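Single-structure report; data block below.
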Amino acid sequence: MAGGSQKKRAKLDKSQSSGKPSPAKARKTEGTATATAAVAAAKKSKPAKAKVTAKETKSVEKSSEEIAIPALVTNQPAKETFLISAGTYERLLYGIEGRFVDNQLTLKPQFIIPAHTGCIKAVSAGGRFLASGSTDECIKLYDLKKRVELGTLHEHKGTITSLFFHGRSHLLSASEDGAICIFRTKDWEPLKVLRGHKGAVSSIAIHPSGKLALSVSQDRTIIIWNLLTGQRASRSKTPQPGEIVAWSPSGSSYIIGYATEIQIYKVGQSEPTATVFSKQRIMAVIVAEYQGKDYVLAGCQDKRVYIFSLEGKDLGSILCHENRIKGLSSVDMTFPDESVHTIITTISSDGRIKAWKLDDMIEHVLCATPEDDTMSNEDNKVEPLAVYNADIRLTCVAASNNIFS
């Protein structure tokens, strides 16, 4: 990290900031069993109030200063609109708004930005902020309220593989350089650089409490991080390179996704409580809650989303696209009748972005009979609530409440 003046904190390259997108280019736009102990230890820790000075940023990687990452507010009301942010091979960043018009969900582009000089590999949104990461080793930042580009973060020296906002206060980034960076969104200060993996970091996920994070890597390890201290809490071997890691909404369980396998863990247990296997290449995995129960959704190369219980039971699958699924994301939304439902967003190499009602997907697989497996795809499917055809090769997706619509 470059030391020096505060003006260069976080290496936020404002010289590359273009302000409002040009109308021509953008439309309006180790021991897993120690997890419980780690949670307990984290709960006893008190967030530090000390401010990192310019002098301290020179040795931020060695600092043991605590990092004040707040717990998420779980009673935030769902909004009447949501934003789908999607990256592409063609370096374009899409912003699609989901909104009900005459009781029909619509997906309408809000912005299309030529964001990077390489393929976009990760996107994440937190409050008013949007971040995208690319093979160009840069993280681009945007203010969704003002619809302007804030600048570029240059902390990594490898492809950005994963981005994760914790609420609106902090951003975690991971890269093929093996490092994980923690940024404070107030000033984009790099609070800590976490180094523990010997290979590319594939995926990161923050616990809802904001005190712990998980990371999986091509070095066949999973690390539990104490985010209050910025130190490694535990490190475990995985049977193969982990590609995806995700917490359940309650934070009591988490999953590790591999090429054709998903392991399901409960916090405090060293062995997986369940393992599910897939005949198809797994491209994306999320955990979503429906009627108080968590379900694992896996998007695969055969164009389908497979649904599993946390006990590992294969409940069934739904044909969602005409090509392999590249990403999944979820967001709660208030419907016109004031009811709140979870929307599942899927993207595919077929260029389409689709929004699904989680209720419909779960009820479909729970009510399916053995005869359904012999039915044609036209007879045995769930209809999406809305579809947007970007007609471009999509790579990653993040759905979030569009609080600044």
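Chain labels follow the order of the structure tokens: the first chain is A, the next B, and so on; residue numbering restarts at 1 in every chain, and ligands are counted from 1 in their shown order.
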
Name the residues in contact with Thr135 (chain A) at a cut-off of 9 Å, using only C-alpha atoms, excluding same-chain residues fewer than 2 positions from it; report them as a PyMOL selection string.
chain A and resi 116-121+133+137-138+158-161

Can you tell me which residues surround Ile84 (chain A) at a distance of at most 9 Å, considering only C-alpha atoms, apart from same-chain residues fewer than 2 positions away, and format the answer as a list in words?
Phe82, Ala86, Tyr94, Gly95, Ile96, Glu97, Gly98, Leu107, Ser329, Thr345, Ile353, Val397, Ala398, Ala399, Ser400, Asn401 and Asn402 of chain A

Let me see the file: selected residues, all heavy atoms, as a CSV table (one decimal), in the first residue's frame.
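Output file result14.csv is given in full below:
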```csv
chain,number,residue,atom,x,y,z
A,82,PHE,N,-36.5,-2.5,-6.6
A,82,PHE,CA,-35.2,-3.1,-6.3
A,82,PHE,C,-34.3,-2.9,-7.5
A,82,PHE,O,-34.8,-2.6,-8.6
A,82,PHE,CB,-35.3,-4.6,-6.0
A,82,PHE,CG,-35.8,-5.5,-7.1
A,82,PHE,CD1,-34.9,-6.1,-7.9
A,82,PHE,CD2,-37.2,-5.7,-7.2
A,82,PHE,CE1,-35.4,-7.0,-8.9
A,82,PHE,CE2,-37.7,-6.5,-8.2
A,82,PHE,CZ,-36.8,-7.2,-9.1
A,86,ALA,N,-25.6,-5.9,-12.9
A,86,ALA,CA,-25.1,-7.1,-13.6
A,86,ALA,C,-23.8,-6.7,-14.4
A,86,ALA,O,-23.8,-5.6,-15.0
A,86,ALA,CB,-26.1,-7.7,-14.5
A,94,TYR,N,-24.5,-3.1,-16.0
A,94,TYR,CA,-26.0,-2.8,-16.1
A,94,TYR,C,-26.6,-2.5,-14.8
A,94,TYR,O,-26.3,-3.1,-13.8
A,94,TYR,CB,-26.7,-4.0,-16.8
A,94,TYR,CG,-26.6,-4.1,-18.3
A,94,TYR,CD1,-25.4,-4.4,-18.9
A,94,TYR,CD2,-27.7,-3.8,-19.1
A,94,TYR,CE1,-25.3,-4.5,-20.3
A,94,TYR,CE2,-27.6,-3.9,-20.5
A,94,TYR,CZ,-26.4,-4.2,-21.1
A,94,TYR,OH,-26.3,-4.3,-22.4
A,95,GLY,N,-27.5,-1.5,-14.8
A,95,GLY,CA,-28.4,-1.3,-13.6
A,95,GLY,C,-29.8,-1.4,-14.1
A,95,GLY,O,-30.3,-0.6,-14.9
A,96,ILE,N,-30.6,-2.4,-13.6
A,96,ILE,CA,-31.9,-2.7,-14.0
A,96,ILE,C,-32.9,-2.5,-12.8
A,96,ILE,O,-32.7,-3.1,-11.8
A,96,ILE,CB,-32.1,-4.1,-14.6
A,96,ILE,CG1,-31.0,-4.4,-15.7
A,96,ILE,CG2,-33.5,-4.3,-15.1
A,96,ILE,CD1,-31.1,-3.5,-16.9
A,97,GLU,N,-33.9,-1.6,-13.0
A,97,GLU,CA,-34.8,-1.4,-11.9
A,97,GLU,C,-36.0,-2.3,-12.0
A,97,GLU,O,-36.6,-2.5,-13.1
A,97,GLU,CB,-35.3,0.0,-11.9
A,97,GLU,CG,-36.3,0.3,-10.7
A,97,GLU,CD,-36.9,1.7,-10.9
A,97,GLU,OE1,-37.7,1.9,-11.9
A,97,GLU,OE2,-36.8,2.5,-10.0
A,98,GLY,N,-36.4,-3.0,-10.9
A,98,GLY,CA,-37.6,-3.8,-10.8
A,98,GLY,C,-38.7,-3.0,-10.1
A,98,GLY,O,-38.5,-2.5,-9.0
A,107,LEU,N,-39.0,-4.8,-15.5
A,107,LEU,CA,-37.5,-4.6,-15.4
A,107,LEU,C,-37.1,-3.6,-16.5
A,107,LEU,O,-37.3,-3.9,-17.7
A,107,LEU,CB,-36.8,-6.0,-15.6
A,107,LEU,CG,-37.1,-7.1,-14.6
A,107,LEU,CD1,-36.2,-8.3,-15.0
A,107,LEU,CD2,-36.8,-6.6,-13.2
A,329,SER,N,-29.0,-14.1,-7.2
A,329,SER,CA,-29.1,-13.1,-6.1
A,329,SER,C,-30.5,-13.0,-5.6
A,329,SER,O,-31.5,-13.4,-6.3
A,329,SER,CB,-28.6,-11.8,-6.5
A,329,SER,OG,-28.4,-10.9,-5.4
A,345,THR,N,-33.1,-13.4,-8.4
A,345,THR,CA,-32.7,-12.9,-9.7
A,345,THR,C,-31.7,-13.9,-10.3
A,345,THR,O,-30.8,-14.3,-9.6
A,345,THR,CB,-32.0,-11.5,-9.6
A,345,THR,OG1,-33.0,-10.6,-9.0
A,345,THR,CG2,-31.6,-11.0,-10.9
A,353,ILE,N,-31.9,-11.5,-18.1
A,353,ILE,CA,-32.0,-11.3,-16.6
A,353,ILE,C,-33.4,-11.6,-16.2
A,353,ILE,O,-34.4,-11.0,-16.8
A,353,ILE,CB,-31.6,-9.9,-16.2
A,353,ILE,CG1,-30.2,-9.5,-16.7
A,353,ILE,CG2,-31.8,-9.6,-14.7
A,353,ILE,CD1,-29.8,-8.1,-16.5
A,397,VAL,N,-24.1,-10.9,-10.8
A,397,VAL,CA,-25.3,-10.2,-10.5
A,397,VAL,C,-25.4,-9.9,-9.0
A,397,VAL,O,-24.9,-10.7,-8.2
A,397,VAL,CB,-26.5,-10.9,-11.0
A,397,VAL,CG1,-26.7,-12.2,-10.3
A,397,VAL,CG2,-27.8,-10.1,-10.9
A,398,ALA,N,-26.0,-8.8,-8.7
A,398,ALA,CA,-26.3,-8.5,-7.3
A,398,ALA,C,-27.6,-7.7,-7.3
A,398,ALA,O,-27.8,-6.7,-8.0
A,398,ALA,CB,-25.2,-7.6,-6.6
A,399,ALA,N,-28.6,-8.2,-6.5
A,399,ALA,CA,-29.9,-7.5,-6.3
A,399,ALA,C,-29.9,-6.8,-5.0
A,399,ALA,O,-29.5,-7.4,-4.0
A,399,ALA,CB,-31.0,-8.6,-6.5
A,400,SER,N,-30.4,-5.6,-5.0
A,400,SER,CA,-30.5,-4.9,-3.8
A,400,SER,C,-31.7,-3.9,-3.8
A,400,SER,O,-32.3,-3.7,-4.8
A,400,SER,CB,-29.2,-4.0,-3.6
A,400,SER,OG,-29.1,-3.1,-4.7
A,401,ASN,N,-32.1,-3.5,-2.6
A,401,ASN,CA,-33.2,-2.6,-2.5
A,401,ASN,C,-32.8,-1.3,-3.2
A,401,ASN,O,-31.8,-0.7,-2.9
A,401,ASN,CB,-33.6,-2.3,-1.1
A,401,ASN,CG,-34.4,-3.4,-0.4
A,401,ASN,OD1,-34.1,-3.9,0.6
A,401,ASN,ND2,-35.4,-3.9,-1.1
A,402,ASN,N,-33.7,-0.8,-4.1
A,402,ASN,CA,-33.4,0.4,-4.8
A,402,ASN,C,-33.9,1.6,-3.9
A,402,ASN,O,-34.9,2.2,-4.2
A,402,ASN,CB,-34.1,0.4,-6.2
A,402,ASN,CG,-33.6,1.6,-7.0
A,402,ASN,OD1,-32.6,2.2,-6.8
A,402,ASN,ND2,-34.4,1.9,-8.1
```

Give the strand (DSSP E or B) residues of region 47-286 of chain A, as DSSP finds them on the backbone, and put them as a VMD selection string.
chain A and resid 79 81 to 88 92 to 101 104 to 114 120 to 126 129 to 134 139 to 143 148 to 153 160 to 166 170 to 175 179 to 184 189 to 195 201 to 206 212 to 217 221 to 226 231 to 237 244 to 247 253 to 257 261 to 266 274 to 277 282 to 286

Need to verify the contact set: region 183-187 of chain A, 6 Å, only C-alpha atoms, exclusion of same-chain residues closer than 4 positions in sequence. Can you return it as a list in words?
Ser169, His170, Leu171 and Leu191 of chain A

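When only C-alpha atoms are used to measure the gap to Ala246 (chain A), the shortest distance among A:Ile262, A:Asn226, A:Ile204, A:Ser270 belongs to A:Ile204.
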
What separation in Å, quoted to one decimal, exists between CA of Leu366 (chain A) and CA of Leu310 (chain A)?
14.4 Å

Counting only C-alpha atoms, the residue of A:Thr346, A:Ser253, A:Ser217, A:Ser339 that sits nearest Ala298 (chain A):
A:Thr346

Near Phe277 (chain A), within 10 Å and counting only C-alpha atoms, which residues show up once chain neighbours fewer than 2 positions away are dropped, as JSON, numbers by chain?
{"A": [258, 259, 260, 261, 262, 263, 275, 279, 280, 282, 312, 314]}

Could you save the residues just selected, with N, CA and C atoms, as a short mmCIF file (atom, residue, chain, number, x, y, z; two decimals), in the first residue's frame?
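Output (result.cif):
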```cif
data_model
loop_
_atom_site.label_atom_id
_atom_site.label_comp_id
_atom_site.auth_asym_id
_atom_site.auth_seq_id
_atom_site.Cartn_x
_atom_site.Cartn_y
_atom_site.Cartn_z
N TYR A 258 -18.53 -26.17 -4.45
CA TYR A 258 -17.43 -26.64 -5.29
C TYR A 258 -17.96 -26.83 -6.71
N ALA A 259 -17.16 -27.41 -7.56
CA ALA A 259 -17.55 -27.56 -8.97
C ALA A 259 -18.83 -28.37 -9.13
N THR A 260 -18.94 -29.49 -8.42
CA THR A 260 -20.12 -30.34 -8.53
C THR A 260 -20.62 -30.81 -7.16
N GLU A 261 -20.37 -30.03 -6.14
CA GLU A 261 -20.68 -30.46 -4.77
C GLU A 261 -20.93 -29.24 -3.90
N ILE A 262 -21.86 -29.39 -2.95
CA ILE A 262 -22.12 -28.33 -1.97
C ILE A 262 -22.10 -28.95 -0.59
N GLN A 263 -21.29 -28.39 0.30
CA GLN A 263 -21.25 -28.83 1.69
C GLN A 263 -22.00 -27.83 2.55
N THR A 275 -24.12 -33.02 2.56
CA THR A 275 -23.40 -32.78 1.32
C THR A 275 -24.30 -33.17 0.16
N LYS A 279 -24.71 -33.60 -10.87
CA LYS A 279 -24.16 -34.14 -12.11
C LYS A 279 -23.76 -33.01 -13.06
N GLN A 280 -24.21 -31.83 -12.73
CA GLN A 280 -23.95 -30.67 -13.57
C GLN A 280 -22.97 -29.72 -12.88
N ILE A 282 -21.75 -26.64 -11.13
CA ILE A 282 -22.43 -25.62 -10.33
C ILE A 282 -21.79 -24.27 -10.62
N GLY A 312 -29.94 -31.30 3.22
CA GLY A 312 -29.34 -31.94 2.06
C GLY A 312 -30.29 -32.66 1.15
N ASP A 314 -32.65 -33.24 -1.86
CA ASP A 314 -32.86 -32.68 -3.19
C ASP A 314 -34.36 -32.55 -3.43
#
```

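By only C-alpha atoms, and with residues fewer than 5 positions from Leu297 (chain A) along its chain excluded, the set lying at most 6 Å from it is Val285, Ile286, Tyr306 and Ile307 of chain A.
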
Restricting it to all heavy atoms, dump the selection as a compact mmCIF listing (two decimals), in the first residue's frame.
```txt
# COMPACT_ATOMS: atom_id res chain seq x y z
N VAL A 285 -24.45 -20.27 -6.16
CA VAL A 285 -25.21 -20.81 -5.03
C VAL A 285 -25.59 -19.68 -4.09
O VAL A 285 -24.77 -18.80 -3.80
CB VAL A 285 -24.40 -21.86 -4.24
CG1 VAL A 285 -25.27 -22.47 -3.13
CG2 VAL A 285 -23.86 -22.96 -5.15
N ILE A 286 -26.83 -19.68 -3.62
CA ILE A 286 -27.26 -18.76 -2.57
C ILE A 286 -28.12 -19.54 -1.58
O ILE A 286 -28.60 -20.64 -1.87
CB ILE A 286 -28.06 -17.56 -3.12
CG1 ILE A 286 -29.33 -18.04 -3.83
CG2 ILE A 286 -27.22 -16.70 -4.03
CD1 ILE A 286 -30.27 -16.91 -4.22
N TYR A 306 -31.39 -25.78 -9.04
CA TYR A 306 -31.71 -26.91 -8.16
C TYR A 306 -31.93 -26.39 -6.75
O TYR A 306 -31.21 -25.50 -6.29
CB TYR A 306 -30.59 -27.94 -8.18
CG TYR A 306 -30.46 -28.66 -9.51
CD1 TYR A 306 -29.82 -28.06 -10.59
CD2 TYR A 306 -31.00 -29.93 -9.70
CE1 TYR A 306 -29.72 -28.71 -11.82
CE2 TYR A 306 -30.90 -30.59 -10.91
CZ TYR A 306 -30.27 -29.97 -11.98
OH TYR A 306 -30.17 -30.61 -13.18
N ILE A 307 -32.92 -26.96 -6.07
CA ILE A 307 -33.28 -26.49 -4.73
C ILE A 307 -33.10 -27.63 -3.74
O ILE A 307 -33.59 -28.75 -3.95
CB ILE A 307 -34.73 -25.97 -4.71
CG1 ILE A 307 -34.88 -24.83 -5.73
CG2 ILE A 307 -35.11 -25.49 -3.31
CD1 ILE A 307 -36.29 -24.29 -5.85
```
